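Worksheet: the structure to be examined is printed underneath.
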Amino acid sequence: MLAQGFAVLLSHWWRHKLQFAMLLSGLALATALWSAVQAINEEARASYARAAAVVGQDRLEQLVRADGARFPQSGYIALRKAGWLVSPVIEGEKRFGAERLRILGVDPVTLPSEAAQVNVGAAGIGLQRFITPPGVFIVSPETAKRLEGMDTPPLRISDALPPGTALTDIGIAQTLLDAPGQVSRLLIVPRQPPHARPLAAVAPDLVRRAPAVESDLSRLTGSFHLNLTAFGFLAFAVGLFIVHSAIGLAFEQRLPAIRTLRAVGLPLNALIALMVAELLVLSTAAGLAGVALGYGVASLLLPDVAASLRGLYGAEVPGALSIRPSVWGLGLAIAVAGTLASAASRLWRIASMPLLAPARPRAWSLASESALRLQAVGGLLLLVVAWLAAQLGTGLVAGFAALGAMLLGAALILPLTLSLLLDLGGRLSRGVVAQWFWADTRQQLPGLSLALMALLLALSANAGVGTMVQSFRETFVGWLDQRLAPELYVTTRSLEESQKVRDWLSRRSDAVLPIWNAELRTSGQPVQVYGVADHATYRDHWPMLESVPDAWNRVAKGEGVLANEQLMRRQKLKLGDVIPLEGSASLPLVGVFSDYGNPKGQVILGVDALVKLFPDASRLRYAVRIAPDRAPQLAGDLRAAFGLAPENVVNQAAVKAFSLKVFERTFAVTAALNVLTLGVAGLAIFASLLTLSGMRLAQLAPVWATGLTLRKLALLEILRSAALASFTMLAAVPVGLGLAWMLLAVINVEAFGWLLPMHLFPLDWLRLFILAVASAVLAALLPALWLTHRSPADLVKVFANER
Amino acid sequence: MLLALQEVSKSYPTGEGVLQVLRGVSMALDAGESLALTGESGSGKSTLLHLAGGLDRPDSGAIRFEEKDIARLGDKELAAFRRVSVGLVFQQFNLIPSLDVRANLAFQARLGDRYDAAWTGRLTERLGLASLLDRYPEQLSGGQQQRVAIGRALAGRPRLILADEPTGNLDEATGDAVLDLMLALMRETGAALLMVTHSTRLASRLGRRLHLAAGKLS
């Protein structure tokens, strides 16, 4: 009995192959976009975890200075003498050409086994070779490729290291990092001898730090991944509209068969169980295909994501994907859950339907105005929730909740809005065909509303994210112009060379401005500290958001500091607040500047104050002011005089171009997901039009019989689709602007710590409008073509009782 | 002669091969005349009606409407012929569900540019539809829907009315009332009527009767 019942249910799909294909492809696509984002995020997280696990940071307790700064090696020696089993590590960044490398120096003799990623002896390197100059760099395969031909110690490859990191002997690292006798932290061997003297007595300035549960990288990049996840979920939601539409239609078309099955004795429970089983089979198959497809999409997107993460956060993510069971599991789970959620209302209806309920295959499409109004009221309530979440909520999750509520609310209001617009169109039109066109379009709304809601989501996301990205771009370009005023940027290779280059340049340029920097930790987070010279370049060009009147004078005199916007927001600073610096020193905040693209907090103080407070500050970089037409010649002469590589002397245009490239790549993924979401929405319309086209014949045949040609009817069908897409686009613009505002004023501030002004780009909307109409026309084209190729025999069947 | 079919044949492809529905049928209908077409199920009555109304084309033979062979017309001309010259009434009513009664009544007449508000108003009164003008087809009973279908067919004052089992979905009393009304209006407008029916009782009320069996007239 069950087998026969199942066969009856499945026979529907055999007779409606296209509907079947749409259901599967909708679900597979939705799952694919979601899984692609998950695969990318998982890959990145695994990479961060590897980075965090390097030299056992995630497993071993460590001794560090409270402010995170380096400390003299003598502290280490004192602890060893006092009986402590500790191992020194130095960590820092160094540029090799254009590559910025994280260097980890370890002592291979004392390194605890829990921290040894690479067994130096077993790796065939040999202790002697590892610890004596030039030493060895142990790097990942990707990093080795990038460092090819660079002036580094000999490279050895190990898969255990994350990209962008080089493991080397501590002595070699101290030399490379220009930090002789300095260590960053001490790893504590788990089992300490009982007689060791108390830490406070031996090294009072060091504190114990628990193993890092969450790395700096995963904390920094969290908002980026949340952003991607939100987009993946949006794409999934858009895809679910196709699934909901296809399932709803199939259930309605099968009502007569279901009624008959019950009438001939199949119990209701068994029937529902069969339908659930059918959904499970379909969703599992589509889910598997979706995850596989997702991996394909992810492998296409990953290079851009990796470039974004490197450019924005200095986070290294490998360019290849691994197959992860968690991605497959989650992908399948969301496909099955999404399908069951889409079908829940239909299953409930069947469960509560009387046995003798009349079969009304089109009843679902004749949803009353009151139902639309009810839906719109729900939408309005969601908009209120969105507003409240945006106003009262804090944190990124509240921001995304506000976004989600706004988008869903707008989607729910759309059908009623369109219905009113179409009604108005009918009232304003005079011709009989036009009046029928508007009335008929309005009648199609319930059948198309889900697809149109999906289109609204996709268009709003496109308009909103596009506005955000373009606003960001415009602000960013203006900001770059301000911030990158100097004509040349020079990076020297050593302190000695730095001094010589400075002297050389000061005789040949208008000004040599040190870009010296150090790092400090406040509230457990790294903060960059820069020292700047007292010069008009900063006074005239620096992109200040707010400042006290004599800010630059106070900075020059060492009486105040400037902070970037993200630090100001993160630590809720106001002008006049005191910023703690190295040791017990602190200075008042006299100005806040915009610093887009920088995930870290930044403080600027006078260069003299920097040197005084941070004697170990890196003093290798300079900005050079010179007449722009003389800059290329000076750059060439400088390279020749000191044998500097081209990447050590870069001009302003190159830095701007690089920054813009990083910017563009950062949003390349967003743009790709945007286009894919729009594609899924286009498919949703196509699926709906295709499934409705079979039912349309009965509605179109009387109009054809009374004197319209099939060609004209087909044209009107295309026009109908274009009109609905146009109206949806009109509705999407305000929703998109709301979305852009939320992204700029809520999400960006929460995620990155900067507030951006919103600009409007009507030409982009026009382009999107054309794209939306074009996709709607394309979606309607096939059903319309089929209509023109219908034979009169097909059409008269609508009227005929017999032949 | 308003309508003349000469040696008209029509077949349809089916799963089991070609089904020959009409085999060389010839018949004629004068202006103002009413003709009942009877026959068993599958005898080809509806097919003949559809061919006469320009909804389909014959495989062979000629269908002359006022001496013009409509079987040779292109899609556009055929559509114009349906707009202006024919009124169609079907058993399933086939009203346009998205339009209210008022718009349904006027639809074909306006499409053929033959709308006459005064005549449509009178027609509405005669059909007893004046109180239903703002309703939609789904809100009407079967008898009411068929009266709207008749009104739509007559609103443009076509020369030929083609009706396929117009009372087949109605109970006997309602069916009789609908037919009385249709015949009265036919006389009023001078249109000819070709009506397909199973019922010999209804057929006897029309001016002439033809019987179709296995695709041939007898």
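Letters A, B, ... go to the chains of the structure tokens in the order shown; residues in each chain start at 1; ligands are counted from 1 in the same order.
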
Inset, instruction - May I have the residues within 12 Å of Arg147 in chain B as JSON, numbers by chain, using only C-alpha atoms and disregarding those fewer than 3 positions away in the same chain? - result: {"B": [89, 90, 91, 92, 93, 94, 95, 101, 104, 105, 123, 124, 125, 126, 127, 128, 129, 130, 132, 133, 137, 140, 141, 142, 143, 144, 150, 151, 152, 153, 154, 155, 166, 167, 170, 174, 175, 177, 178, 179, 180, 181, 182, 185]}

What does the file look like for those residues with N, CA and C atoms, as a tab-separated table (two decimals), in the first residue's frame?
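Result written to result_1.tsv:
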```tsv
chain	number	residue	atom	x	y	z
B	89	VAL	N	-19.85	31.04	-27.30
B	89	VAL	CA	-20.39	30.68	-25.99
B	89	VAL	C	-20.04	29.22	-25.73
B	90	PHE	N	-19.38	28.98	-24.60
B	90	PHE	CA	-18.93	27.62	-24.32
B	90	PHE	C	-19.64	27.03	-23.11
B	91	GLN	N	-19.58	25.68	-23.02
B	91	GLN	CA	-20.20	25.01	-21.89
B	91	GLN	C	-19.56	25.44	-20.57
B	92	GLN	N	-18.19	25.63	-20.59
B	92	GLN	CA	-17.48	26.00	-19.35
B	92	GLN	C	-17.46	27.52	-19.15
B	93	PHE	N	-18.22	28.24	-19.94
B	93	PHE	CA	-18.36	29.71	-19.88
B	93	PHE	C	-17.09	30.45	-20.33
B	94	ASN	N	-15.92	30.00	-19.82
B	94	ASN	CA	-14.63	30.58	-20.21
B	94	ASN	C	-14.62	32.11	-20.18
B	95	LEU	N	-15.09	32.62	-19.07
B	95	LEU	CA	-14.97	34.08	-18.88
B	95	LEU	C	-13.54	34.41	-18.49
B	101	VAL	N	-17.67	41.58	-14.17
B	101	VAL	CA	-18.74	41.30	-15.14
B	101	VAL	C	-18.84	42.41	-16.19
B	104	ASN	N	-15.99	42.03	-18.56
B	104	ASN	CA	-16.15	40.82	-19.36
B	104	ASN	C	-17.18	41.02	-20.47
B	105	LEU	N	-18.29	41.68	-20.10
B	105	LEU	CA	-19.37	41.91	-21.09
B	105	LEU	C	-18.85	42.74	-22.27
B	123	LEU	N	-28.47	45.22	-23.16
B	123	LEU	CA	-28.15	43.80	-23.07
B	123	LEU	C	-28.02	43.38	-21.60
B	124	THR	N	-27.36	44.23	-20.84
B	124	THR	CA	-27.17	43.94	-19.41
B	124	THR	C	-28.51	43.81	-18.70
B	125	GLU	N	-29.41	44.73	-19.03
B	125	GLU	CA	-30.76	44.68	-18.44
B	125	GLU	C	-31.46	43.39	-18.83
B	126	ARG	N	-31.40	43.11	-20.15
B	126	ARG	CA	-32.12	41.92	-20.65
B	126	ARG	C	-31.60	40.63	-20.01
B	127	LEU	N	-30.27	40.63	-19.78
B	127	LEU	CA	-29.65	39.43	-19.22
B	127	LEU	C	-29.77	39.36	-17.70
B	128	GLY	N	-30.34	40.42	-17.11
B	128	GLY	CA	-30.51	40.45	-15.65
B	128	GLY	C	-29.19	40.54	-14.91
B	129	LEU	N	-28.25	41.25	-15.50
B	129	LEU	CA	-26.90	41.30	-14.90
B	129	LEU	C	-26.60	42.65	-14.24
B	130	ALA	N	-27.59	43.55	-14.26
B	130	ALA	CA	-27.32	44.92	-13.82
B	130	ALA	C	-26.79	44.98	-12.39
B	132	LEU	N	-25.01	42.75	-10.97
B	132	LEU	CA	-23.81	41.90	-10.79
B	132	LEU	C	-22.58	42.48	-11.47
B	133	LEU	N	-22.69	43.71	-11.96
B	133	LEU	CA	-21.64	44.24	-12.83
B	133	LEU	C	-20.26	44.31	-12.15
B	137	PRO	N	-16.11	36.65	-12.08
B	137	PRO	CA	-16.70	35.38	-12.48
B	137	PRO	C	-16.81	34.36	-11.35
B	140	LEU	N	-19.92	34.26	-9.23
B	140	LEU	CA	-21.23	34.07	-9.88
B	140	LEU	C	-21.62	32.59	-9.92
B	141	SER	N	-22.93	32.35	-10.01
B	141	SER	CA	-23.39	30.97	-10.21
B	141	SER	C	-23.17	30.59	-11.67
B	142	GLY	N	-23.37	29.29	-11.98
B	142	GLY	CA	-23.17	28.83	-13.34
B	142	GLY	C	-24.08	29.55	-14.33
B	143	GLY	N	-25.38	29.69	-13.94
B	143	GLY	CA	-26.34	30.35	-14.83
B	143	GLY	C	-25.97	31.80	-15.07
B	144	GLN	N	-25.52	32.45	-14.00
B	144	GLN	CA	-25.11	33.87	-14.14
B	144	GLN	C	-23.88	33.98	-15.05
B	150	ILE	N	-23.00	34.92	-22.77
B	150	ILE	CA	-23.88	35.27	-23.89
B	150	ILE	C	-23.81	36.77	-24.17
B	151	GLY	N	-23.82	37.53	-23.10
B	151	GLY	CA	-23.71	38.99	-23.24
B	151	GLY	C	-22.42	39.37	-23.95
B	152	ARG	N	-21.31	38.74	-23.55
B	152	ARG	CA	-20.02	39.05	-24.19
B	152	ARG	C	-20.09	38.71	-25.68
B	153	ALA	N	-20.72	37.56	-26.00
B	153	ALA	CA	-20.77	37.14	-27.40
B	153	ALA	C	-21.61	38.10	-28.24
B	154	LEU	N	-22.65	38.70	-27.60
B	154	LEU	CA	-23.58	39.53	-28.37
B	154	LEU	C	-23.26	41.03	-28.34
B	155	ALA	N	-22.40	41.41	-27.41
B	155	ALA	CA	-22.18	42.85	-27.20
B	155	ALA	C	-21.64	43.55	-28.45
B	166	PRO	N	-24.13	25.22	-24.64
B	166	PRO	CA	-24.19	26.39	-23.73
B	166	PRO	C	-24.98	26.13	-22.46
B	167	THR	N	-25.79	25.09	-22.47
B	167	THR	CA	-26.58	24.82	-21.25
B	167	THR	C	-26.13	23.51	-20.58
B	170	LEU	N	-25.72	23.50	-16.86
B	170	LEU	CA	-26.79	24.13	-16.08
B	170	LEU	C	-27.92	23.14	-15.87
B	174	THR	N	-32.74	26.28	-15.59
B	174	THR	CA	-31.84	27.41	-15.88
B	174	THR	C	-31.40	27.36	-17.34
B	175	GLY	N	-31.14	26.14	-17.82
B	175	GLY	CA	-30.72	25.96	-19.21
B	175	GLY	C	-31.78	26.46	-20.17
B	177	ALA	N	-34.08	28.69	-19.57
B	177	ALA	CA	-34.17	30.15	-19.46
B	177	ALA	C	-33.05	30.81	-20.25
B	178	VAL	N	-31.84	30.24	-20.12
B	178	VAL	CA	-30.68	30.81	-20.82
B	178	VAL	C	-30.89	30.71	-22.33
B	179	LEU	N	-31.39	29.56	-22.79
B	179	LEU	CA	-31.59	29.38	-24.24
B	179	LEU	C	-32.67	30.33	-24.76
B	180	ASP	N	-33.78	30.47	-24.00
B	180	ASP	CA	-34.84	31.41	-24.40
B	180	ASP	C	-34.24	32.80	-24.62
B	181	LEU	N	-33.44	33.19	-23.65
B	181	LEU	CA	-32.85	34.52	-23.71
B	181	LEU	C	-31.94	34.65	-24.93
B	182	MET	N	-31.16	33.61	-25.16
B	182	MET	CA	-30.21	33.67	-26.27
B	182	MET	C	-30.96	33.76	-27.61
B	185	LEU	N	-32.49	37.24	-28.10
B	185	LEU	CA	-31.48	38.24	-28.45
B	185	LEU	C	-30.96	38.04	-29.88
```

Inset, instruction - List the neighbours of range 228-244 of chain A out to 7 Å using only C-alpha atoms; skip same-chain residues closer than 6 positions along the sequence, and give me the result as an MDAnalysis selection string. - result: chainID A and resid 23 26:27 29:31 33:34 37 338:339 342:343 450:451 454 677 680:681 684

For the residues selected in the previous step, produce a file with N, CA and C atoms as an mmCIF file, in the first residue's frame.
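The new file selection29.cif reads:
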```
data_model
loop_
_atom_site.group_PDB
_atom_site.id
_atom_site.type_symbol
_atom_site.label_atom_id
_atom_site.label_comp_id
_atom_site.auth_asym_id
_atom_site.auth_seq_id
_atom_site.Cartn_x
_atom_site.Cartn_y
_atom_site.Cartn_z
ATOM 1 N N LEU A 23 12.762 22.549 -8.843
ATOM 2 C CA LEU A 23 12.800 22.320 -7.397
ATOM 3 C C LEU A 23 14.209 21.902 -6.984
ATOM 4 N N GLY A 26 16.775 24.762 -7.665
ATOM 5 C CA GLY A 26 16.608 25.859 -6.700
ATOM 6 C C GLY A 26 17.250 25.507 -5.366
ATOM 7 N N LEU A 27 16.932 24.306 -4.916
ATOM 8 C CA LEU A 27 17.468 23.870 -3.628
ATOM 9 C C LEU A 27 18.989 23.702 -3.709
ATOM 10 N N LEU A 29 21.067 25.188 -5.756
ATOM 11 C CA LEU A 29 21.722 26.501 -5.861
ATOM 12 C C LEU A 29 21.772 27.210 -4.516
ATOM 13 N N ALA A 30 20.624 27.166 -3.813
ATOM 14 C CA ALA A 30 20.576 27.815 -2.501
ATOM 15 C C ALA A 30 21.622 27.199 -1.587
ATOM 16 N N THR A 31 21.671 25.857 -1.590
ATOM 17 C CA THR A 31 22.645 25.170 -0.739
ATOM 18 C C THR A 31 24.063 25.490 -1.189
ATOM 19 N N LEU A 33 25.348 28.225 -2.616
ATOM 20 C CA LEU A 33 25.868 29.527 -2.202
ATOM 21 C C LEU A 33 26.157 29.546 -0.699
ATOM 22 N N TRP A 34 25.264 28.920 0.042
ATOM 23 C CA TRP A 34 25.479 28.842 1.487
ATOM 24 C C TRP A 34 26.759 28.044 1.768
ATOM 25 N N VAL A 37 30.110 29.769 0.995
ATOM 26 C CA VAL A 37 30.530 30.702 2.043
ATOM 27 C C VAL A 37 31.060 29.930 3.252
ATOM 28 N N GLY A 338 15.623 23.492 5.312
ATOM 29 C CA GLY A 338 14.986 24.513 4.469
ATOM 30 C C GLY A 338 13.813 23.929 3.703
ATOM 31 N N THR A 339 13.976 22.722 3.166
ATOM 32 C CA THR A 339 12.899 22.085 2.402
ATOM 33 C C THR A 339 11.708 21.785 3.306
ATOM 34 N N SER A 342 9.967 24.921 4.147
ATOM 35 C CA SER A 342 9.199 25.428 3.006
ATOM 36 C C SER A 342 7.902 24.650 2.827
ATOM 37 N N ALA A 343 7.935 23.353 3.200
ATOM 38 C CA ALA A 343 6.765 22.502 2.947
ATOM 39 C C ALA A 343 5.836 22.428 4.152
ATOM 40 N N LEU A 450 6.103 35.054 -4.544
ATOM 41 C CA LEU A 450 7.297 34.535 -3.870
ATOM 42 C C LEU A 450 8.549 34.830 -4.693
ATOM 43 N N ALA A 451 8.429 34.611 -6.013
ATOM 44 C CA ALA A 451 9.583 34.884 -6.878
ATOM 45 C C ALA A 451 9.905 36.373 -6.858
ATOM 46 N N ALA A 454 11.660 37.261 -3.760
ATOM 47 C CA ALA A 454 13.079 36.863 -3.884
ATOM 48 C C ALA A 454 13.830 37.895 -4.716
ATOM 49 N N THR A 677 23.323 35.961 -6.274
ATOM 50 C CA THR A 677 22.004 36.069 -5.641
ATOM 51 C C THR A 677 20.968 36.566 -6.638
ATOM 52 N N VAL A 680 20.035 33.757 -8.838
ATOM 53 C CA VAL A 680 19.090 32.825 -8.206
ATOM 54 C C VAL A 680 17.681 33.418 -8.254
ATOM 55 N N ALA A 681 17.588 34.730 -8.014
ATOM 56 C CA ALA A 681 16.267 35.384 -8.056
ATOM 57 C C ALA A 681 15.695 35.307 -9.477
ATOM 58 N N ALA A 684 14.321 32.072 -9.913
ATOM 59 C CA ALA A 684 13.047 31.941 -9.190
ATOM 60 C C ALA A 684 11.894 32.429 -10.063
#
```

Report the closest atom pair, with its distance in Å rounded to one decimal, for each residue of chain A that has an atom no farther than 12 Å from chain B; count only C-alpha atoms, sort by chain and then rising residue number, and write it as a Markdown table.
```
| residue | atom | partner | partner_atom | distance |
| --- | --- | --- | --- | --- |
| A:Arg362 | CA | B:Pro97 | CA | 11.4 |
| A:Ala363 | CA | B:Glu138 | CA | 10.6 |
| A:Ser365 | CA | B:Ser98 | CA | 11.8 |
| A:Leu366 | CA | B:Glu138 | CA | 9.9 |
| A:Asp423 | CA | B:Ser98 | CA | 11.5 |
| A:Gly426 | CA | B:Leu99 | CA | 10.6 |
| A:Arg430 | CA | B:Arg110 | CA | 10.8 |
| A:Gly431 | CA | B:Arg110 | CA | 8.3 |
| A:Val432 | CA | B:Arg110 | CA | 6.2 |
| A:Val433 | CA | B:Leu111 | CA | 7.2 |
| A:Ala434 | CA | B:Leu111 | CA | 10.6 |
| A:Gln435 | CA | B:Leu99 | CA | 8.6 |
| A:Trp436 | CA | B:Leu99 | CA | 6.8 |
| A:Phe437 | CA | B:Ser98 | CA | 9.2 |
| A:Trp438 | CA | B:Ser98 | CA | 9.0 |
| A:Ala439 | CA | B:Ser98 | CA | 5.4 |
| A:Asp440 | CA | B:Ser98 | CA | 5.1 |
| A:Thr441 | CA | B:Ser98 | CA | 8.4 |
| A:Arg442 | CA | B:Ser98 | CA | 7.8 |
| A:Gln443 | CA | B:Ser98 | CA | 5.9 |
| A:Gln444 | CA | B:Ser98 | CA | 9.0 |
| A:Leu445 | CA | B:Ser98 | CA | 11.3 |
| A:Arg696 | CA | B:Pro97 | CA | 11.4 |
| A:Leu697 | CA | B:Asn94 | CA | 11.5 |
| A:Ala698 | CA | B:Asn94 | CA | 8.1 |
| A:Gln699 | CA | B:Ile96 | CA | 6.6 |
| A:Leu700 | CA | B:Ile96 | CA | 8.2 |
| A:Ala701 | CA | B:Asn94 | CA | 8.3 |
| A:Pro702 | CA | B:Asn94 | CA | 5.9 |
| A:Val703 | CA | B:Ile96 | CA | 7.3 |
| A:Trp704 | CA | B:Ala79 | CA | 7.7 |
| A:Ala705 | CA | B:Leu55 | CA | 6.5 |
| A:Thr706 | CA | B:Arg83 | CA | 5.4 |
| A:Gly707 | CA | B:Arg83 | CA | 4.3 |
| A:Leu708 | CA | B:Ala79 | CA | 5.7 |
| A:Thr709 | CA | B:Ala79 | CA | 5.8 |
| A:Leu710 | CA | B:Asp75 | CA | 8.3 |
| A:Arg711 | CA | B:Asp75 | CA | 8.9 |
| A:Lys712 | CA | B:Lys76 | CA | 9.6 |
| A:Leu713 | CA | B:Ala79 | CA | 11.7 |
| A:Thr788 | CA | B:Asp75 | CA | 10.9 |
| A:Arg790 | CA | B:Asp56 | CA | 11.6 |
| A:Ser791 | CA | B:Asp56 | CA | 8.5 |
| A:Pro792 | CA | B:Asp56 | CA | 5.3 |
| A:Ala793 | CA | B:Asp56 | CA | 6.8 |
| A:Asp794 | CA | B:Asp56 | CA | 9.9 |
| A:Leu795 | CA | B:Leu55 | CA | 8.4 |
| A:Val796 | CA | B:Leu55 | CA | 7.0 |
| A:Lys797 | CA | B:Ser46 | CA | 9.8 |
| A:Val798 | CA | B:Asn94 | CA | 8.3 |
| A:Phe799 | CA | B:Phe90 | CA | 6.3 |
| A:Ala800 | CA | B:Ser46 | CA | 6.3 |
| A:Asn801 | CA | B:Ser46 | CA | 7.4 |
| A:Glu802 | CA | B:Gly42 | CA | 5.6 |
| A:Arg803 | CA | B:Gly44 | CA | 4.7 |
```

Legend entry - Contacts of range 638-648 of chain A at 7 Å (only C-alpha atoms; same-chain gap of 3+ positions) as an MDAnalysis selection string: chainID A and resid 97:98 490:492 634:635

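Going from CA of Phe130 in chain A over to CA of Val189 in chain A, you cover 22.0 Å.
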
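The interatomic distance for the pair CA of Asp304 in chain A and CA of Val527 in chain A works out to 27.0 Å.
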
Inset, instruction - Just the strand (DSSP E or B) stuff from range 385-595 of chain A, please, per backbone DSSP, written as an MDAnalysis selection string. - result: chainID A and resid 488:491 511:522 525:532 544:547 561:564 578:580 586:593

Inset, instruction - Find the residues around Ala780 in chain A up to 10 Å (only C-alpha atoms counted), leave out those fewer than 3 positions away in its own chain, and share them as a list in words. - result: Ile685, Phe686, Ala687, Ser688, Leu689, Leu690, Ser693, Ala714, Leu715, Glu717, Ile718, Leu719, Arg720, Ser721, Ala722, Ala774, Ser775, Ala776, Val777, Pro783, Ala784 and Leu785 of chain A

Legend entry - Contacts of Arg187 in chain B at 10 Å (only C-alpha atoms; same-chain gap of 5+ positions) as a PyMOL selection string: chain B and resi 32-34+182+192-193
